[in-house]
$ cat query-v2.cif   # mmCIF, N, CA and C atoms
data_final
loop_
_atom_site.label_atom_id
_atom_site.label_comp_id
_atom_site.auth_asym_id
_atom_site.auth_seq_id
_atom_site.Cartn_x
_atom_site.Cartn_y
_atom_site.Cartn_z
N MET A 1 0.84 -1.18 0.00
CA MET A 1 0.00 0.00 0.00
C MET A 1 0.88 1.24 0.00
N VAL A 2 0.52 2.23 -0.78
CA VAL A 2 1.29 3.47 -0.90
C VAL A 2 0.76 4.47 0.11
N GLU A 3 1.65 5.11 0.85
CA GLU A 3 1.23 6.12 1.81
C GLU A 3 0.96 7.44 1.11
N VAL A 4 -0.03 8.17 1.62
CA VAL A 4 -0.36 9.49 1.07
C VAL A 4 0.70 10.47 1.54
N PRO A 5 1.25 11.28 0.62
CA PRO A 5 2.26 12.26 1.02
C PRO A 5 1.70 13.27 2.02
N THR A 6 2.53 13.70 2.95
CA THR A 6 2.11 14.69 3.92
C THR A 6 2.57 16.07 3.48
N VAL A 7 1.93 17.08 4.00
CA VAL A 7 2.28 18.46 3.67
C VAL A 7 3.22 18.99 4.74
N THR A 8 4.35 19.55 4.31
CA THR A 8 5.29 20.18 5.25
C THR A 8 5.43 21.63 4.84
N GLY A 9 5.05 22.53 5.71
CA GLY A 9 5.08 23.95 5.36
C GLY A 9 4.05 24.23 4.29
N SER A 10 4.47 24.86 3.18
CA SER A 10 3.54 25.18 2.11
C SER A 10 3.72 24.26 0.90
N GLN A 11 4.74 23.41 0.92
CA GLN A 11 5.02 22.53 -0.21
C GLN A 11 4.68 21.08 0.12
N PRO A 12 3.79 20.43 -0.68
CA PRO A 12 3.51 19.02 -0.44
C PRO A 12 4.71 18.16 -0.82
N VAL A 13 4.87 17.06 -0.11
CA VAL A 13 5.95 16.12 -0.40
C VAL A 13 5.51 15.30 -1.61
N ARG A 14 6.36 15.19 -2.61
CA ARG A 14 6.04 14.40 -3.80
C ARG A 14 6.65 13.02 -3.67
N GLN A 15 5.88 12.03 -4.07
CA GLN A 15 6.37 10.67 -4.09
C GLN A 15 6.50 10.23 -5.54
N ARG A 16 7.65 9.71 -5.91
CA ARG A 16 7.89 9.29 -7.29
C ARG A 16 7.81 7.77 -7.37
N LEU A 17 6.97 7.29 -8.28
CA LEU A 17 6.83 5.86 -8.52
C LEU A 17 7.12 5.57 -9.98
N GLN A 18 7.73 4.46 -10.25
CA GLN A 18 7.92 4.01 -11.62
C GLN A 18 6.63 3.32 -12.07
N SER A 19 6.25 3.53 -13.33
CA SER A 19 5.03 2.92 -13.83
C SER A 19 5.10 1.40 -13.73
N THR A 20 6.30 0.83 -13.85
CA THR A 20 6.43 -0.62 -13.73
C THR A 20 6.08 -1.11 -12.32
N GLU A 21 6.26 -0.25 -11.31
CA GLU A 21 5.86 -0.60 -9.95
C GLU A 21 4.34 -0.72 -9.86
N LEU A 22 3.64 0.12 -10.59
CA LEU A 22 2.17 0.10 -10.56
C LEU A 22 1.60 -1.00 -11.44
N PHE A 23 2.11 -1.13 -12.66
CA PHE A 23 1.54 -2.04 -13.64
C PHE A 23 2.05 -3.47 -13.52
N GLY A 24 3.31 -3.66 -13.16
CA GLY A 24 3.88 -5.00 -13.21
C GLY A 24 3.83 -5.49 -14.65
N THR A 25 3.14 -6.59 -14.91
CA THR A 25 3.00 -7.10 -16.27
C THR A 25 1.65 -6.74 -16.88
N ALA A 26 0.79 -6.05 -16.13
CA ALA A 26 -0.55 -5.69 -16.61
C ALA A 26 -0.49 -4.48 -17.53
N ARG A 27 -1.52 -4.27 -18.32
CA ARG A 27 -1.65 -3.11 -19.20
C ARG A 27 -2.67 -2.12 -18.64
N GLU A 28 -3.40 -2.51 -17.60
CA GLU A 28 -4.43 -1.66 -17.01
C GLU A 28 -4.51 -1.94 -15.52
N ILE A 29 -4.68 -0.86 -14.73
CA ILE A 29 -4.90 -1.00 -13.30
C ILE A 29 -6.11 -0.17 -12.91
N VAL A 30 -6.73 -0.53 -11.80
CA VAL A 30 -7.86 0.21 -11.27
C VAL A 30 -7.38 0.96 -10.03
N ILE A 31 -7.68 2.25 -9.98
CA ILE A 31 -7.32 3.09 -8.84
C ILE A 31 -8.62 3.55 -8.19
N GLU A 32 -8.75 3.31 -6.89
CA GLU A 32 -9.93 3.78 -6.17
C GLU A 32 -9.57 5.10 -5.49
N HIS A 33 -10.40 6.11 -5.73
CA HIS A 33 -10.17 7.44 -5.17
C HIS A 33 -11.50 8.01 -4.71
N VAL A 34 -11.61 8.26 -3.41
CA VAL A 34 -12.81 8.82 -2.79
C VAL A 34 -14.05 8.01 -3.21
N GLY A 35 -13.93 6.69 -3.16
CA GLY A 35 -15.05 5.82 -3.46
C GLY A 35 -15.36 5.64 -4.94
N GLU A 36 -14.58 6.25 -5.82
CA GLU A 36 -14.78 6.14 -7.27
C GLU A 36 -13.65 5.30 -7.86
N GLU A 37 -13.98 4.57 -8.94
CA GLU A 37 -12.97 3.77 -9.63
C GLU A 37 -12.48 4.49 -10.88
N TYR A 38 -11.18 4.51 -11.05
CA TYR A 38 -10.54 5.07 -12.23
C TYR A 38 -9.67 3.97 -12.84
N ARG A 39 -9.57 3.96 -14.16
CA ARG A 39 -8.74 2.99 -14.86
C ARG A 39 -7.55 3.72 -15.49
N LEU A 40 -6.37 3.21 -15.21
CA LEU A 40 -5.15 3.74 -15.79
C LEU A 40 -4.64 2.69 -16.77
N ARG A 41 -4.60 3.07 -18.04
CA ARG A 41 -4.21 2.13 -19.10
C ARG A 41 -2.90 2.56 -19.74
N LEU A 42 -2.13 1.57 -20.13
CA LEU A 42 -0.89 1.78 -20.85
C LEU A 42 -1.16 1.45 -22.32
N THR A 43 -0.94 2.42 -23.21
CA THR A 43 -1.22 2.23 -24.63
C THR A 43 -0.07 1.50 -25.31
N ARG A 44 -0.30 1.08 -26.54
CA ARG A 44 0.75 0.41 -27.33
C ARG A 44 1.92 1.35 -27.58
N GLN A 45 1.64 2.66 -27.62
CA GLN A 45 2.69 3.66 -27.85
C GLN A 45 3.43 4.03 -26.55
N GLY A 46 3.04 3.39 -25.44
CA GLY A 46 3.71 3.65 -24.17
C GLY A 46 3.20 4.85 -23.42
N LYS A 47 2.02 5.37 -23.82
CA LYS A 47 1.42 6.52 -23.13
C LYS A 47 0.41 6.03 -22.10
N LEU A 48 0.04 6.93 -21.19
CA LEU A 48 -0.92 6.59 -20.14
C LEU A 48 -2.25 7.29 -20.40
N ILE A 49 -3.35 6.56 -20.15
CA ILE A 49 -4.69 7.13 -20.28
C ILE A 49 -5.43 6.83 -18.98
N LEU A 50 -5.96 7.89 -18.34
CA LEU A 50 -6.74 7.75 -17.11
C LEU A 50 -8.19 8.05 -17.43
N THR A 51 -9.09 7.10 -17.14
CA THR A 51 -10.52 7.30 -17.37
C THR A 51 -11.30 6.94 -16.13
N LYS A 52 -12.47 7.55 -16.00
CA LYS A 52 -13.34 7.28 -14.87
C LYS A 52 -14.34 6.22 -15.25
#
$ encode --input "query-v2.cif" --output "structure tokens"
Amino acid sequence: MVEVPTVTGSQPVRQRLQSTELFGTAREIVIEHVGEEYRLRLTRQGKLILTK
């Protein structure tokens, strides 16, 4: 599970993840955010598409 970055001062802490950490061998993952499902897809051209 990935921890949510905390805010220090006025700048939020950014967390960097490699797409391979998220996808593994899959071409699509589901992300749940505030009770909603989003799909993050990896295209044949290597681009990312996020849809609700």
$ select_by_dssp --input "query-v2.cif" --residues "chain A" --states "alpha helix (DSSP H)" --output "JSON, numbers by chain"
{"A": [19, 20, 21, 22, 23]}
$ resolve_selection --input "query-v2.cif" --expression "the PyMOL selection byres ((chain A and resi 28) around 7)" --output "ChimeraX atom specification"
/A:23,25-27,29-30,39-42
$ atom_distance --input "query-v2.cif" --atom1 "atom CA of A:Gly35" --atom2 "atom N of A:Ser10"
28.1 Å
$ build_atoms --input "query-v2.cif" --residues "stretch 17-28 of chain A" --atoms "all heavy atoms" --output "CSV table (one decimal), in the frame of the given file"
chain,number,residue,atom,x,y,z
A,17,LEU,N,7.0,7.3,-8.3
A,17,LEU,CA,6.8,5.9,-8.5
A,17,LEU,C,7.1,5.6,-10.0
A,17,LEU,O,6.8,6.4,-10.9
A,17,LEU,CB,5.4,5.4,-8.2
A,17,LEU,CG,4.9,5.6,-6.8
A,17,LEU,CD1,3.4,5.3,-6.7
A,17,LEU,CD2,5.7,4.7,-5.8
A,18,GLN,N,7.7,4.5,-10.2
A,18,GLN,CA,7.9,4.0,-11.6
A,18,GLN,C,6.6,3.3,-12.1
A,18,GLN,O,6.0,2.6,-11.3
A,18,GLN,CB,9.1,3.0,-11.7
A,18,GLN,CG,10.4,3.6,-11.3
A,18,GLN,CD,10.8,4.7,-12.3
A,18,GLN,OE1,10.7,4.6,-13.5
A,18,GLN,NE2,11.3,5.8,-11.8
A,19,SER,N,6.2,3.5,-13.3
A,19,SER,CA,5.0,2.9,-13.8
A,19,SER,C,5.1,1.4,-13.7
A,19,SER,O,4.1,0.7,-13.5
A,19,SER,CB,4.7,3.3,-15.3
A,19,SER,OG,5.8,3.0,-16.1
A,20,THR,N,6.3,0.8,-13.8
A,20,THR,CA,6.4,-0.6,-13.7
A,20,THR,C,6.1,-1.1,-12.3
A,20,THR,O,5.6,-2.2,-12.2
A,20,THR,CB,7.9,-1.1,-14.1
A,20,THR,OG1,8.8,-0.3,-13.3
A,20,THR,CG2,8.2,-0.8,-15.5
A,21,GLU,N,6.3,-0.2,-11.3
A,21,GLU,CA,5.9,-0.6,-10.0
A,21,GLU,C,4.3,-0.7,-9.9
A,21,GLU,O,3.8,-1.5,-9.1
A,21,GLU,CB,6.3,0.4,-8.9
A,21,GLU,CG,7.8,0.5,-8.8
A,21,GLU,CD,8.2,1.6,-7.8
A,21,GLU,OE1,7.9,1.5,-6.6
A,21,GLU,OE2,8.7,2.7,-8.3
A,22,LEU,N,3.6,0.1,-10.6
A,22,LEU,CA,2.2,0.1,-10.6
A,22,LEU,C,1.6,-1.0,-11.4
A,22,LEU,O,0.7,-1.7,-11.0
A,22,LEU,CB,1.6,1.5,-11.0
A,22,LEU,CG,1.9,2.7,-10.2
A,22,LEU,CD1,1.5,3.9,-10.9
A,22,LEU,CD2,1.3,2.5,-8.8
A,23,PHE,N,2.1,-1.1,-12.7
A,23,PHE,CA,1.5,-2.0,-13.6
A,23,PHE,C,2.0,-3.5,-13.5
A,23,PHE,O,1.3,-4.4,-13.8
A,23,PHE,CB,1.8,-1.5,-15.1
A,23,PHE,CG,1.0,-0.4,-15.5
A,23,PHE,CD1,1.4,0.9,-15.4
A,23,PHE,CD2,-0.3,-0.6,-15.9
A,23,PHE,CE1,0.6,2.0,-15.8
A,23,PHE,CE2,-1.1,0.5,-16.3
A,23,PHE,CZ,-0.6,1.8,-16.2
A,24,GLY,N,3.3,-3.7,-13.2
A,24,GLY,CA,3.9,-5.0,-13.2
A,24,GLY,C,3.8,-5.5,-14.6
A,24,GLY,O,4.4,-4.8,-15.5
A,25,THR,N,3.1,-6.6,-14.9
A,25,THR,CA,3.0,-7.1,-16.3
A,25,THR,C,1.6,-6.7,-16.9
A,25,THR,O,1.4,-7.1,-18.0
A,25,THR,CB,3.2,-8.6,-16.3
A,25,THR,OG1,2.2,-9.2,-15.5
A,25,THR,CG2,4.6,-9.0,-15.8
A,26,ALA,N,0.8,-6.0,-16.1
A,26,ALA,CA,-0.6,-5.7,-16.6
A,26,ALA,C,-0.5,-4.5,-17.5
A,26,ALA,O,0.5,-3.7,-17.5
A,26,ALA,CB,-1.5,-5.4,-15.4
A,27,ARG,N,-1.5,-4.3,-18.3
A,27,ARG,CA,-1.6,-3.1,-19.2
A,27,ARG,C,-2.7,-2.1,-18.6
A,27,ARG,O,-2.8,-1.0,-19.1
A,27,ARG,CB,-2.1,-3.5,-20.6
A,27,ARG,CG,-1.2,-4.5,-21.3
A,27,ARG,CD,0.1,-4.0,-21.8
A,27,ARG,NE,-0.1,-3.0,-22.8
A,27,ARG,CZ,0.9,-2.3,-23.3
A,27,ARG,NH1,2.2,-2.7,-23.0
A,27,ARG,NH2,0.8,-1.4,-24.2
A,28,GLU,N,-3.4,-2.5,-17.6
A,28,GLU,CA,-4.4,-1.7,-17.0
A,28,GLU,C,-4.5,-1.9,-15.5
A,28,GLU,O,-4.4,-3.1,-15.1
A,28,GLU,CB,-5.8,-2.0,-17.7
A,28,GLU,CG,-6.9,-1.1,-17.1
A,28,GLU,CD,-8.2,-1.4,-17.9
A,28,GLU,OE1,-8.3,-1.0,-19.1
A,28,GLU,OE2,-9.1,-1.9,-17.2
